[in-house]
Amino acid sequence: MSQDRQGVAWGSLIPGLILGLAAGLAYAWFVNPVNYVNIAPNQLKSEYKDQYVVLIGQAYLHDLDLARARQRLTSLGYNDPAGVVSQQADNAFARSASPDTIRALTILAEALGGHPQAADIFSGTAPAPSASQTPSATFQGVPTLTPTLTALPPSPTMPTPTQTPALVPTNATMKLVAEQTLCDATHPPGQMQVFVLDINNAGIPGIKVLIQWQGGSDVFFTGLKPELGPGYGDFDMQPSLLYSVTLVGLAEPVEGISSAPCTTDKGVSQTPSYQLTFAPVTNP
């Protein structure tokens with residue numbers, strides 16, 4: 001009889017233990033989970049470390065304190081800050097992140113001794129032209145630097161960013177010189193492709209392009225896809241809308257660009273793509 005009672009006791013106890021454990025886990029996970037506060041930077045998850053690196057880059061643009069930026073990166077547990085920031089700058093460049101993010105990461109990486117891919121566009125340490133190189137006249141309003149770099153405070157420890165001057169005569173204006181509608185299987189559908197050229201037909205990077213449609217707008221910059229040319233930029237359109245394209249501060253808007261479906265030569269309906277080419281045109 002005692003063995004039977006012992007068996008009954010254990011049979012009642014085990015389900016109770018299981019229920020108690022489940023209730024405790026539910027309370028700890030959902031009702032009153034542990035909140036970590038004041039943890040060290042090197043204890044952050046990888047995605048939060050990436051965000052922290054961007055903030056360090058933006059802070060460096062503000063105070064130009066490289067020693068502090070290096071210390072902050074070291075606090076994240078990085079033994080190779082230049083390599084880490086360069087890799088993150090390359091990743092941001094490859095996914096076409098915001099120009100402010102790419103610029104902050106690129107300039108910090110260069111200051112640390114790295115060589116990120118976006119340095120040709122967002123460089124903060126490029127050497128100045130030699131005395132034998134005489135820049136050609138430029139059209140007022142065409143930036144010879146990436147536009148957002150002009151907000152950087154002057155500092156004797158940071159050379160002025162330079163870039164090959166855009167060759168645009170002073171008596172010229174930037175205008176749409178070519179427009180092509182693409183409706184075939186060899187081109188991606190629904191893409192607004194913009195090319196900005198100088199008088200030598202060389203691409204001009206860092207030009208801000210404004211896209212507008214009814215109820216919305218967006219911007220992008222040329223030069224963020226260097227494999228397609230320094231003066232190239234693109235935007236993915238939504239179907240059945242009317243768009244306008246403006247080189248901000250440089251050219252009049254190009255309006256009435258329709259993304260209504262077109263029919264390819266194989267009878268397939270798709271959203272058309274457009275190639276718009278802007279270049280300087282001499283005024284009479």
# chains A, B, ... in the order shown; residues from 1 in each chain; ligands from 1

$ residues_around --residues "Gln51 in chain A" --least-positions-apart "4" --cutoff "12 Å" --atoms "only C-alpha atoms" --output "PyMOL selection string"
chain A and resi 41+44-47+55-58+73+76+85+88-89+92+101+104-105

$ write_last_selection --atoms "C-alpha atoms" --output "JSON list (two decimals), in the first residue's frame"
[["chain", "number", "residue", "atom", "x", "y", "z"],
["A", 41, "PRO", "CA", 29.32, 48.72, -26.03],
["A", 44, "LEU", "CA", 25.72, 45.04, -28.08],
["A", 45, "LYS", "CA", 24.26, 42.84, -30.79],
["A", 46, "SER", "CA", 25.97, 43.11, -34.18],
["A", 47, "GLU", "CA", 23.21, 45.22, -35.76],
["A", 55, "LEU", "CA", 26.89, 57.43, -34.98],
["A", 56, "ILE", "CA", 30.64, 57.48, -34.31],
["A", 57, "GLY", "CA", 31.22, 58.52, -37.93],
["A", 58, "GLN", "CA", 28.63, 61.29, -37.71],
["A", 73, "LEU", "CA", 35.47, 51.99, -31.82],
["A", 76, "LEU", "CA", 33.09, 48.01, -29.27],
["A", 85, "VAL", "CA", 34.63, 50.98, -40.68],
["A", 88, "GLN", "CA", 30.78, 48.91, -43.17],
["A", 89, "ALA", "CA", 31.24, 51.83, -45.58],
["A", 92, "ALA", "CA", 26.46, 50.86, -47.10],
["A", 101, "THR", "CA", 25.58, 57.49, -43.88],
["A", 104, "ALA", "CA", 30.20, 59.60, -42.49],
["A", 105, "LEU", "CA", 31.55, 56.05, -42.72]]

$ residues_around --residues "Ala97 in chain A" --least-positions-apart "2" --cutoff "12 Å" --atoms "only C-alpha atoms" --output "PyMOL selection string"
chain A and resi 54+88-95+99-105+118+220-221+224-225

$ atom_distance --atom1 "CA of Leu241 in chain A" --atom2 "CA of Ser98 in chain A"
24.7 Å

$ closest_residue --among "A:Asn200, A:Asn79, A:Thr186, A:Ser258" --to "Pro239 in chain A" --atoms "only C-alpha atoms"
A:Ser258

$ residues_around --residues "Asp234 in chain A" --least-positions-apart "6" --cutoff "10 Å" --atoms "only C-alpha atoms" --output "list in words"
Gln191, Met192, Gln193, Val194, Phe195, Val209, Val219, Phe220, Phe221, Thr222, Gly223, Leu224, Lys225, Tyr274, Gln275 and Leu276 of chain A

$ atom_distance --atom1 "CA of Ala109 in chain A" --atom2 "CA of Gly229 in chain A"
23.4 Å

$ residues_around --residues "Gly113 in chain A" --least-positions-apart "2" --cutoff "12 Å" --atoms "only C-alpha atoms" --output "list in words"
Leu66, Arg70, Asp80, Pro81, Ala82, Gly83, Val84, Val85, Ser86, Thr106, Ile107, Leu108, Ala109, Glu110, Ala111, His115, Pro116, Ala119, Gly124 and Thr125 of chain A

$ atom_distance --atom1 "CA of Asn201 in chain A" --atom2 "CA of Asp236 in chain A"
24.9 Å
